$ cat coords13.tsv   # TSV, N, CA and C atoms
chain	number	residue	atom	x	y	z
A	1	MET	N	27.33	133.89	-59.35
A	1	MET	CA	26.62	135.15	-59.44
A	1	MET	C	27.61	136.27	-59.71
A	2	THR	N	27.28	137.14	-60.64
A	2	THR	CA	28.13	138.29	-60.90
A	2	THR	C	27.96	139.30	-59.77
A	3	ILE	N	28.97	140.07	-59.56
A	3	ILE	CA	28.93	141.07	-58.50
A	3	ILE	C	28.01	142.21	-58.95
A	4	PRO	N	26.95	142.47	-58.17
A	4	PRO	CA	26.03	143.54	-58.56
A	4	PRO	C	26.67	144.92	-58.40
A	5	GLY	N	26.18	145.86	-59.20
A	5	GLY	CA	26.62	147.24	-59.07
A	5	GLY	C	25.95	147.92	-57.89
A	6	SER	N	26.36	149.12	-57.62
A	6	SER	CA	25.85	149.86	-56.47
A	6	SER	C	24.33	150.03	-56.50
A	7	LEU	N	23.79	150.35	-57.65
A	7	LEU	CA	22.35	150.58	-57.72
A	7	LEU	C	21.57	149.28	-57.58
A	8	GLU	N	22.13	148.17	-58.04
A	8	GLU	CA	21.50	146.87	-57.84
A	8	GLU	C	21.54	146.48	-56.36
A	9	LEU	N	22.65	146.76	-55.70
A	9	LEU	CA	22.74	146.51	-54.26
A	9	LEU	C	21.71	147.35	-53.51
A	10	ALA	N	21.55	148.61	-53.93
A	10	ALA	CA	20.56	149.48	-53.30
A	10	ALA	C	19.14	148.98	-53.55
A	11	TYR	N	18.92	148.41	-54.71
A	11	TYR	CA	17.59	147.88	-55.05
A	11	TYR	C	17.17	146.78	-54.08
A	12	ILE	N	18.05	145.84	-53.82
A	12	ILE	CA	17.73	144.76	-52.88
A	12	ILE	C	17.81	145.27	-51.44
A	13	GLY	N	18.75	146.15	-51.17
A	13	GLY	CA	18.90	146.71	-49.83
A	13	GLY	C	17.69	147.52	-49.40
A	14	ASP	N	17.03	148.18	-50.34
A	14	ASP	CA	15.81	148.93	-50.05
A	14	ASP	C	14.75	148.01	-49.47
A	15	CYS	N	14.60	146.84	-50.06
A	15	CYS	CA	13.61	145.86	-49.58
A	15	CYS	C	13.97	145.36	-48.18
A	16	VAL	N	15.23	145.04	-47.98
A	16	VAL	CA	15.67	144.52	-46.68
A	16	VAL	C	15.52	145.61	-45.61
A	17	TYR	N	15.90	146.83	-45.93
A	17	TYR	CA	15.79	147.95	-45.00
A	17	TYR	C	14.32	148.14	-44.60
A	18	ASP	N	13.44	148.15	-45.58
A	18	ASP	CA	12.01	148.32	-45.33
A	18	ASP	C	11.47	147.17	-44.47
A	19	LEU	N	11.85	145.97	-44.78
A	19	LEU	CA	11.41	144.81	-44.00
A	19	LEU	C	11.90	144.90	-42.56
A	20	TYR	N	13.13	145.35	-42.37
A	20	TYR	CA	13.67	145.49	-41.03
A	20	TYR	C	12.88	146.53	-40.24
A	21	VAL	N	12.60	147.67	-40.86
A	21	VAL	CA	11.82	148.72	-40.19
A	21	VAL	C	10.44	148.20	-39.82
A	22	ARG	N	9.78	147.55	-40.76
A	22	ARG	CA	8.43	147.04	-40.51
A	22	ARG	C	8.43	145.95	-39.44
A	23	SER	N	9.46	145.12	-39.43
A	23	SER	CA	9.56	144.06	-38.42
A	23	SER	C	9.70	144.66	-37.02
A	24	ARG	N	10.45	145.74	-36.91
A	24	ARG	CA	10.59	146.42	-35.61
A	24	ARG	C	9.27	147.05	-35.19
A	25	LEU	N	8.56	147.65	-36.13
A	25	LEU	CA	7.32	148.34	-35.80
A	25	LEU	C	6.20	147.39	-35.39
A	26	ILE	N	6.19	146.21	-35.97
A	26	ILE	CA	5.10	145.27	-35.69
A	26	ILE	C	5.10	144.80	-34.23
A	27	THR	N	6.23	144.90	-33.58
A	27	THR	CA	6.31	144.48	-32.18
A	27	THR	C	5.67	145.50	-31.23
A	28	LYS	N	5.31	146.66	-31.75
A	28	LYS	CA	4.75	147.73	-30.91
A	28	LYS	C	3.25	147.57	-30.67
A	29	GLY	N	2.58	146.71	-31.44
A	29	GLY	CA	1.16	146.46	-31.22
A	29	GLY	C	0.25	147.60	-31.66
A	30	GLU	N	0.68	148.37	-32.63
A	30	GLU	CA	-0.14	149.47	-33.13
A	30	GLU	C	-1.06	149.00	-34.24
A	31	LYS	N	-1.97	149.88	-34.63
A	31	LYS	CA	-2.82	149.60	-35.78
A	31	LYS	C	-1.95	149.63	-37.04
A	32	VAL	N	-2.36	148.86	-38.03
A	32	VAL	CA	-1.58	148.75	-39.27
A	32	VAL	C	-1.39	150.11	-39.92
A	33	ARG	N	-2.41	150.93	-39.95
A	33	ARG	CA	-2.29	152.25	-40.57
A	33	ARG	C	-1.22	153.08	-39.85
A	34	ASP	N	-1.20	153.04	-38.52
A	34	ASP	CA	-0.20	153.79	-37.76
A	34	ASP	C	1.21	153.26	-38.02
A	35	MET	N	1.33	151.93	-38.08
A	35	MET	CA	2.65	151.34	-38.38
A	35	MET	C	3.11	151.77	-39.77
A	36	HIS	N	2.19	151.77	-40.72
A	36	HIS	CA	2.53	152.16	-42.09
A	36	HIS	C	3.03	153.60	-42.14
A	37	LEU	N	2.34	154.49	-41.46
A	37	LEU	CA	2.74	155.90	-41.45
A	37	LEU	C	4.11	156.09	-40.79
A	38	ARG	N	4.36	155.34	-39.73
A	38	ARG	CA	5.68	155.42	-39.08
A	38	ARG	C	6.77	154.85	-39.98
A	39	ALA	N	6.45	153.76	-40.67
A	39	ALA	CA	7.43	153.14	-41.58
A	39	ALA	C	7.81	154.11	-42.70
A	40	ILE	N	6.82	154.79	-43.25
A	40	ILE	CA	7.10	155.75	-44.32
A	40	ILE	C	8.10	156.81	-43.85
A	41	LYS	N	7.94	157.28	-42.63
A	41	LYS	CA	8.84	158.30	-42.09
A	41	LYS	C	10.25	157.77	-41.88
A	42	GLN	N	10.38	156.45	-41.64
A	42	GLN	CA	11.70	155.87	-41.36
A	42	GLN	C	12.44	155.39	-42.60
A	43	VAL	N	11.74	155.25	-43.72
A	43	VAL	CA	12.40	154.76	-44.92
A	43	VAL	C	12.54	155.83	-46.00
A	44	CYS	N	12.19	157.06	-45.70
A	44	CYS	CA	12.36	158.13	-46.69
A	44	CYS	C	13.85	158.49	-46.79
A	45	ALA	N	14.19	159.20	-47.85
A	45	ALA	CA	15.60	159.55	-48.09
A	45	ALA	C	16.20	160.33	-46.93
A	46	HIS	N	15.45	161.26	-46.37
A	46	HIS	CA	15.97	162.06	-45.25
A	46	HIS	C	16.31	161.16	-44.06
A	47	ALA	N	15.39	160.28	-43.68
A	47	ALA	CA	15.61	159.40	-42.53
A	47	ALA	C	16.76	158.43	-42.78
A	48	GLN	N	16.86	157.91	-44.00
A	48	GLN	CA	17.96	156.99	-44.31
A	48	GLN	C	19.30	157.71	-44.31
A	49	SER	N	19.31	158.94	-44.77
A	49	SER	CA	20.53	159.74	-44.74
A	49	SER	C	20.99	159.95	-43.30
A	50	GLU	N	20.05	160.26	-42.42
A	50	GLU	CA	20.37	160.43	-40.99
A	50	GLU	C	20.83	159.10	-40.38
A	51	ALA	N	20.22	158.00	-40.79
A	51	ALA	CA	20.60	156.68	-40.28
A	51	ALA	C	22.05	156.37	-40.65
A	52	LEU	N	22.43	156.70	-41.88
A	52	LEU	CA	23.82	156.45	-42.30
A	52	LEU	C	24.80	157.28	-41.48
A	53	LYS	N	24.43	158.49	-41.16
A	53	LYS	CA	25.30	159.33	-40.32
A	53	LYS	C	25.51	158.69	-38.95
A	54	ARG	N	24.49	158.01	-38.42
A	54	ARG	CA	24.61	157.39	-37.10
A	54	ARG	C	25.52	156.18	-37.09
A	55	ILE	N	25.71	155.53	-38.25
A	55	ILE	CA	26.53	154.30	-38.27
A	55	ILE	C	27.85	154.45	-39.00
A	56	LYS	N	28.09	155.57	-39.64
A	56	LYS	CA	29.28	155.68	-40.52
A	56	LYS	C	30.59	155.39	-39.80
A	57	ASP	N	30.69	155.76	-38.54
A	57	ASP	CA	31.93	155.51	-37.80
A	57	ASP	C	32.10	154.05	-37.38
A	58	GLU	N	31.05	153.25	-37.54
A	58	GLU	CA	31.07	151.84	-37.16
A	58	GLU	C	31.45	150.92	-38.33
A	59	LEU	N	31.57	151.48	-39.53
A	59	LEU	CA	31.77	150.67	-40.73
A	59	LEU	C	33.21	150.18	-40.87
A	60	THR	N	33.32	148.97	-41.39
A	60	THR	CA	34.64	148.44	-41.74
A	60	THR	C	35.12	149.14	-43.01
A	61	GLY	N	36.36	148.94	-43.36
A	61	GLY	CA	36.89	149.52	-44.59
A	61	GLY	C	36.13	149.07	-45.82
A	62	GLU	N	35.81	147.79	-45.87
A	62	GLU	CA	35.07	147.23	-47.00
A	62	GLU	C	33.66	147.82	-47.07
A	63	GLU	N	33.00	147.94	-45.93
A	63	GLU	CA	31.64	148.51	-45.89
A	63	GLU	C	31.67	149.99	-46.30
A	64	ALA	N	32.68	150.72	-45.83
A	64	ALA	CA	32.82	152.13	-46.19
A	64	ALA	C	33.03	152.29	-47.69
A	65	ALA	N	33.76	151.36	-48.30
A	65	ALA	CA	33.98	151.41	-49.75
A	65	ALA	C	32.67	151.18	-50.51
A	66	VAL	N	31.84	150.26	-50.03
A	66	VAL	CA	30.53	150.02	-50.65
A	66	VAL	C	29.69	151.29	-50.57
A	67	VAL	N	29.69	151.92	-49.40
A	67	VAL	CA	28.93	153.16	-49.19
A	67	VAL	C	29.42	154.25	-50.14
A	68	LYS	N	30.72	154.41	-50.22
A	68	LYS	CA	31.29	155.46	-51.06
A	68	LYS	C	30.94	155.27	-52.53
A	69	ARG	N	31.08	154.03	-53.02
A	69	ARG	CA	30.73	153.75	-54.42
A	69	ARG	C	29.27	154.05	-54.70
A	70	ALA	N	28.40	153.63	-53.79
A	70	ALA	CA	26.96	153.83	-53.99
A	70	ALA	C	26.59	155.31	-53.89
A	71	ARG	N	27.22	156.01	-52.97
A	71	ARG	CA	26.94	157.44	-52.81
A	71	ARG	C	27.31	158.21	-54.07
A	72	ASN	N	28.35	157.75	-54.75
A	72	ASN	CA	28.83	158.43	-55.95
A	72	ASN	C	28.21	157.91	-57.25
A	73	ALA	N	27.33	156.92	-57.16
A	73	ALA	CA	26.71	156.34	-58.37
A	73	ALA	C	25.82	157.38	-59.05
A	74	HIS	N	25.82	157.35	-60.37
A	74	HIS	CA	24.99	158.28	-61.13
A	74	HIS	C	23.53	157.90	-61.00
A	75	GLN	N	22.72	158.83	-60.53
A	75	GLN	CA	21.29	158.58	-60.35
A	75	GLN	C	20.53	159.89	-60.38
A	76	THR	N	19.25	159.80	-60.60
A	76	THR	CA	18.39	160.97	-60.64
A	76	THR	C	17.44	160.93	-59.46
A	77	PRO	N	17.63	161.84	-58.51
A	77	PRO	CA	16.77	161.81	-57.32
A	77	PRO	C	15.34	162.29	-57.64
A	78	PRO	N	14.38	161.82	-56.86
A	78	PRO	CA	13.02	162.30	-57.05
A	78	PRO	C	12.89	163.75	-56.58
A	79	LYS	N	11.79	164.39	-56.91
A	79	LYS	CA	11.59	165.79	-56.56
A	79	LYS	C	11.45	166.03	-55.06
A	80	ASN	N	11.03	165.00	-54.32
A	80	ASN	CA	10.77	165.20	-52.89
A	80	ASN	C	11.98	164.96	-52.00
A	81	ALA	N	13.17	164.81	-52.57
A	81	ALA	CA	14.37	164.57	-51.76
A	81	ALA	C	15.52	165.42	-52.31
A	82	SER	N	16.36	165.89	-51.40
A	82	SER	CA	17.54	166.63	-51.86
A	82	SER	C	18.51	165.63	-52.50
A	83	ILE	N	19.35	166.15	-53.35
A	83	ILE	CA	20.32	165.29	-54.03
A	83	ILE	C	21.24	164.61	-53.02
A	84	ALA	N	21.73	165.38	-52.05
A	84	ALA	CA	22.65	164.81	-51.06
A	84	ALA	C	21.98	163.71	-50.24
A	85	GLU	N	20.76	163.96	-49.78
A	85	GLU	CA	20.05	162.96	-48.99
A	85	GLU	C	19.76	161.71	-49.81
A	86	TYR	N	19.40	161.90	-51.05
A	86	TYR	CA	19.09	160.75	-51.91
A	86	TYR	C	20.33	159.89	-52.13
A	87	HIS	N	21.47	160.53	-52.32
A	87	HIS	CA	22.71	159.77	-52.51
A	87	HIS	C	23.09	159.02	-51.23
A	88	MET	N	22.89	159.64	-50.08
A	88	MET	CA	23.17	158.98	-48.81
A	88	MET	C	22.21	157.82	-48.58
A	89	ALA	N	20.94	158.01	-48.94
A	89	ALA	CA	19.94	156.94	-48.79
A	89	ALA	C	20.31	155.76	-49.68
A	90	THR	N	20.73	156.05	-50.89
A	90	THR	CA	21.16	154.98	-51.80
A	90	THR	C	22.36	154.25	-51.21
A	91	ALA	N	23.25	154.99	-50.58
A	91	ALA	CA	24.45	154.39	-50.00
A	91	ALA	C	24.11	153.41	-48.88
A	92	ILE	N	23.20	153.79	-47.97
A	92	ILE	CA	22.87	152.87	-46.88
A	92	ILE	C	22.10	151.66	-47.41
A	93	GLU	N	21.25	151.88	-48.40
A	93	GLU	CA	20.53	150.75	-49.01
A	93	GLU	C	21.52	149.79	-49.67
A	94	ALA	N	22.50	150.34	-50.37
A	94	ALA	CA	23.51	149.48	-51.02
A	94	ALA	C	24.30	148.70	-49.98
A	95	LEU	N	24.64	149.33	-48.88
A	95	LEU	CA	25.35	148.64	-47.80
A	95	LEU	C	24.52	147.48	-47.27
A	96	ILE	N	23.25	147.73	-47.00
A	96	ILE	CA	22.38	146.67	-46.48
A	96	ILE	C	22.22	145.57	-47.54
A	97	GLY	N	22.10	145.93	-48.79
A	97	GLY	CA	22.01	144.94	-49.87
A	97	GLY	C	23.27	144.11	-49.97
A	98	TYR	N	24.42	144.75	-49.85
A	98	TYR	CA	25.70	144.06	-49.89
A	98	TYR	C	25.81	143.04	-48.75
A	99	LEU	N	25.46	143.49	-47.56
A	99	LEU	CA	25.52	142.59	-46.40
A	99	LEU	C	24.53	141.44	-46.54
A	100	TYR	N	23.36	141.73	-47.03
A	100	TYR	CA	22.33	140.70	-47.21
A	100	TYR	C	22.79	139.64	-48.22
A	101	LEU	N	23.29	140.09	-49.35
A	101	LEU	CA	23.72	139.13	-50.39
A	101	LEU	C	24.94	138.32	-49.95
A	102	ASN	N	25.69	138.84	-48.98
A	102	ASN	CA	26.84	138.10	-48.45
A	102	ASN	C	26.50	137.32	-47.18
A	103	GLY	N	25.21	137.25	-46.87
A	103	GLY	CA	24.76	136.43	-45.74
A	103	GLY	C	25.15	136.97	-44.37
A	104	GLN	N	25.41	138.25	-44.27
A	104	GLN	CA	25.86	138.85	-43.01
A	104	GLN	C	24.67	139.45	-42.23
A	105	VAL	N	23.73	138.59	-41.90
A	105	VAL	CA	22.51	139.02	-41.23
A	105	VAL	C	22.80	139.60	-39.85
A	106	ASP	N	23.72	139.01	-39.12
A	106	ASP	CA	24.07	139.54	-37.79
A	106	ASP	C	24.60	140.97	-37.90
A	107	ARG	N	25.39	141.23	-38.93
A	107	ARG	CA	25.93	142.58	-39.12
A	107	ARG	C	24.82	143.54	-39.50
A	108	ILE	N	23.87	143.10	-40.31
A	108	ILE	CA	22.71	143.95	-40.64
A	108	ILE	C	21.97	144.30	-39.35
A	109	ASP	N	21.72	143.30	-38.51
A	109	ASP	CA	21.04	143.54	-37.23
A	109	ASP	C	21.79	144.59	-36.41
A	110	GLU	N	23.08	144.43	-36.31
A	110	GLU	CA	23.90	145.34	-35.51
A	110	GLU	C	23.81	146.77	-36.04
A	111	LEU	N	24.00	146.93	-37.35
A	111	LEU	CA	23.99	148.27	-37.94
A	111	LEU	C	22.59	148.89	-37.93
A	112	MET	N	21.58	148.08	-38.23
A	112	MET	CA	20.22	148.61	-38.26
A	112	MET	C	19.76	149.02	-36.86
A	113	ASN	N	20.14	148.27	-35.84
A	113	ASN	CA	19.79	148.65	-34.48
A	113	ASN	C	20.39	150.02	-34.13
A	114	LYS	N	21.61	150.27	-34.53
A	114	LYS	CA	22.24	151.57	-34.28
A	114	LYS	C	21.63	152.65	-35.17
A	115	ALA	N	21.35	152.30	-36.41
A	115	ALA	CA	20.80	153.28	-37.36
A	115	ALA	C	19.40	153.74	-36.95
A	116	LEU	N	18.63	152.84	-36.40
A	116	LEU	CA	17.24	153.15	-36.05
A	116	LEU	C	17.03	153.43	-34.57
A	117	ASP	N	18.10	153.43	-33.81
A	117	ASP	CA	18.00	153.62	-32.37
A	117	ASP	C	17.23	154.90	-32.02
A	118	GLY	N	16.21	154.72	-31.19
A	118	GLY	CA	15.42	155.85	-30.72
A	118	GLY	C	14.30	156.28	-31.64
A	119	LEU	N	14.14	155.63	-32.79
A	119	LEU	CA	13.09	156.04	-33.72
A	119	LEU	C	11.75	155.38	-33.44
A	120	ASP	N	11.73	154.26	-32.74
A	120	ASP	CA	10.44	153.62	-32.50
A	120	ASP	C	10.05	153.65	-31.06

$ encode --input "coords13.tsv" --output "structure tokens"
Amino acid sequence: MTIPGSLELAYIGDCVYDLYVRSRLITKGEKVRDMHLRAIKQVCAHAQSEALKRIKDELTGEEAAVVKRARNAHQTPPKNASIAEYHMATAIEALIGYLYLNGQVDRIDELMNKALDGLD
């Protein structure tokens, strides 16, 4: 497999991040509509940007390099997110995608637990 670029890592990381959030929410026993609304709030660019801030000091050198490359990748943010938040959201998604593709599920669990701590 060729090494994916930052935006490709973010593409797969977005799915894994969303699945992780939804998996945490399903344990709460809420109605599906309520879980969906909570998930939307936790996977938006603003929330992901805040999540990255909570884990940035926990990253290894290699993980920090993945984040930096993805944060600096050329992209066009949507109208509903600030440029800075969108770049940070892409960075955390790329990190999760990188870890997922490298089979580091335990590390994803560790970082996601810290990133989402107190949100549910």

$ atom_distance --input "coords13.tsv" --atom1 "CA of His87 in chain A" --atom2 "atom N of Asn72 in chain A"
6.4 Å

$ select_by_dssp --input "coords13.tsv" --residues "chain A" --states "helix (DSSP H, G or I)" --output "PyMOL selection string"
chain A and resi 6-26+32-43+45-58+61-71+83-101+105-115

$ closest_residue --input "coords13.tsv" --among "A:Leu101, A:Arg54, A:Leu111, A:Ala45" --to "Asn80 in chain A" --atoms "all atoms listed in the file"
A:Ala45

$ closest_residue --input "coords13.tsv" --among "A:Cys15, A:His36, A:Ser23, A:Glu50" --to "Ala84 in chain A" --atoms "only C-alpha atoms"
A:Glu50

$ atom_distance --input "coords13.tsv" --atom1 "atom N of Glu85 in chain A" --atom2 "atom C of Met35 in chain A"
23.7 Å

$ residues_near_point --input "coords13.tsv" --point "(30.1, 146.5, -57.2)" --cutoff "12 Å" --atoms "only C-alpha atoms" --output "PyMOL selection string"
chain A and resi 2-10+62-63+65-70+73+94-95+97-98+101

$ atom_distance --input "coords13.tsv" --atom1 "atom C of His46 in chain A" --atom2 "atom N of Thr90 in chain A"
9.6 Å

$ decode --input "coords13.tsv" --residues "range 50-61 of chain A" --atoms "all heavy atoms" --output "JSON list (two decimals), in the first residue's frame"
[["chain", "number", "residue", "atom", "x", "y", "z"],
["A", 50, "GLU", "N", -11.07, 21.53, 19.42],
["A", 50, "GLU", "CA", -10.92, 21.52, 20.88],
["A", 50, "GLU", "C", -10.38, 20.17, 21.36],
["A", 50, "GLU", "O", -9.56, 20.11, 22.28],
["A", 50, "GLU", "CB", -12.26, 21.83, 21.55],
["A", 50, "GLU", "CG", -12.74, 23.25, 21.34],
["A", 50, "GLU", "CD", -11.79, 24.30, 21.90],
["A", 50, "GLU", "OE1", -11.34, 24.12, 23.06],
["A", 50, "GLU", "OE2", -11.48, 25.28, 21.19],
["A", 51, "ALA", "N", -10.83, 19.09, 20.73],
["A", 51, "ALA", "CA", -10.35, 17.75, 21.09],
["A", 51, "ALA", "C", -8.84, 17.64, 20.85],
["A", 51, "ALA", "O", -8.12, 17.08, 21.68],
["A", 51, "ALA", "CB", -11.10, 16.68, 20.29],
["A", 52, "LEU", "N", -8.37, 18.18, 19.74],
["A", 52, "LEU", "CA", -6.94, 18.13, 19.45],
["A", 52, "LEU", "C", -6.15, 18.92, 20.49],
["A", 52, "LEU", "O", -5.08, 18.47, 20.94],
["A", 52, "LEU", "CB", -6.64, 18.66, 18.04],
["A", 52, "LEU", "CG", -5.17, 18.62, 17.62],
["A", 52, "LEU", "CD1", -4.60, 17.21, 17.68],
["A", 52, "LEU", "CD2", -5.01, 19.20, 16.22],
["A", 53, "LYS", "N", -6.68, 20.02, 20.93],
["A", 53, "LYS", "CA", -6.00, 20.81, 21.97],
["A", 53, "LYS", "C", -5.86, 19.99, 23.26],
["A", 53, "LYS", "O", -4.86, 20.12, 23.96],
["A", 53, "LYS", "CB", -6.78, 22.09, 22.27],
["A", 53, "LYS", "CG", -6.71, 23.11, 21.16],
["A", 53, "LYS", "CD", -7.59, 24.31, 21.47],
["A", 53, "LYS", "CE", -7.65, 25.26, 20.28],
["A", 53, "LYS", "NZ", -8.61, 26.37, 20.54],
["A", 54, "ARG", "N", -6.85, 19.15, 23.57],
["A", 54, "ARG", "CA", -6.80, 18.36, 24.80],
["A", 54, "ARG", "C", -5.76, 17.25, 24.74],
["A", 54, "ARG", "O", -5.30, 16.78, 25.78],
["A", 54, "ARG", "CB", -8.18, 17.76, 25.09],
["A", 54, "ARG", "CG", -9.17, 18.79, 25.64],
["A", 54, "ARG", "CD", -10.43, 18.15, 26.18],
["A", 54, "ARG", "NE", -11.30, 17.62, 25.16],
["A", 54, "ARG", "CZ", -12.17, 18.32, 24.44],
["A", 54, "ARG", "NH1", -12.29, 19.62, 24.63],
["A", 54, "ARG", "NH2", -12.92, 17.74, 23.53],
["A", 55, "ILE", "N", -5.38, 16.80, 23.54],
["A", 55, "ILE", "CA", -4.43, 15.67, 23.45],
["A", 55, "ILE", "C", -3.07, 16.05, 22.90],
["A", 55, "ILE", "O", -2.16, 15.23, 22.91],
["A", 55, "ILE", "CB", -5.01, 14.52, 22.58],
["A", 55, "ILE", "CG1", -5.21, 14.95, 21.14],
["A", 55, "ILE", "CG2", -6.27, 13.96, 23.21],
["A", 55, "ILE", "CD1", -5.51, 13.82, 20.18],
["A", 56, "LYS", "N", -2.89, 17.27, 22.45],
["A", 56, "LYS", "CA", -1.64, 17.63, 21.75],
["A", 56, "LYS", "C", -0.38, 17.37, 22.57],
["A", 56, "LYS", "O", 0.65, 16.98, 22.04],
["A", 56, "LYS", "CB", -1.68, 19.06, 21.25],
["A", 56, "LYS", "CG", -1.66, 20.10, 22.33],
["A", 56, "LYS", "CD", -1.69, 21.50, 21.75],
["A", 56, "LYS", "CE", -1.63, 22.49, 22.89],
["A", 56, "LYS", "NZ", -1.57, 23.85, 22.42],
["A", 57, "ASP", "N", -0.46, 17.55, 23.88],
["A", 57, "ASP", "CA", 0.72, 17.32, 24.71],
["A", 57, "ASP", "C", 1.01, 15.83, 24.95],
["A", 57, "ASP", "O", 2.05, 15.48, 25.48],
["A", 57, "ASP", "CB", 0.57, 18.02, 26.07],
["A", 57, "ASP", "CG", 0.57, 19.54, 25.92],
["A", 57, "ASP", "OD1", 1.13, 20.05, 24.94],
["A", 57, "ASP", "OD2", 0.00, 20.21, 26.81],
["A", 58, "GLU", "N", 0.08, 14.97, 24.55],
["A", 58, "GLU", "CA", 0.22, 13.52, 24.73],
["A", 58, "GLU", "C", 0.82, 12.83, 23.51],
["A", 58, "GLU", "O", 1.09, 11.64, 23.53],
["A", 58, "GLU", "CB", -1.16, 12.89, 25.00],
["A", 58, "GLU", "CG", -1.92, 13.51, 26.15],
["A", 58, "GLU", "CD", -1.31, 13.20, 27.49],
["A", 58, "GLU", "OE1", -0.79, 12.08, 27.67],
["A", 58, "GLU", "OE2", -1.36, 14.08, 28.37],
["A", 59, "LEU", "N", 1.00, 13.57, 22.41],
["A", 59, "LEU", "CA", 1.41, 12.98, 21.15],
["A", 59, "LEU", "C", 2.90, 12.65, 21.11],
["A", 59, "LEU", "O", 3.72, 13.39, 21.65],
["A", 59, "LEU", "CB", 1.06, 13.90, 19.98],
["A", 59, "LEU", "CG", -0.40, 14.30, 19.84],
["A", 59, "LEU", "CD1", -0.58, 15.22, 18.63],
["A", 59, "LEU", "CD2", -1.29, 13.08, 19.73],
["A", 60, "THR", "N", 3.20, 11.55, 20.44],
["A", 60, "THR", "CA", 4.60, 11.20, 20.19],
["A", 60, "THR", "C", 5.13, 12.13, 19.09],
["A", 60, "THR", "O", 4.35, 12.83, 18.44],
["A", 60, "THR", "CB", 4.73, 9.75, 19.72],
["A", 60, "THR", "OG1", 4.11, 9.63, 18.42],
["A", 60, "THR", "CG2", 4.10, 8.77, 20.70],
["A", 61, "GLY", "N", 6.41, 12.10, 18.87],
["A", 61, "GLY", "CA", 7.00, 12.91, 17.80],
["A", 61, "GLY", "C", 6.42, 12.58, 16.44],
["A", 61, "GLY", "O", 6.14, 13.47, 15.63]]
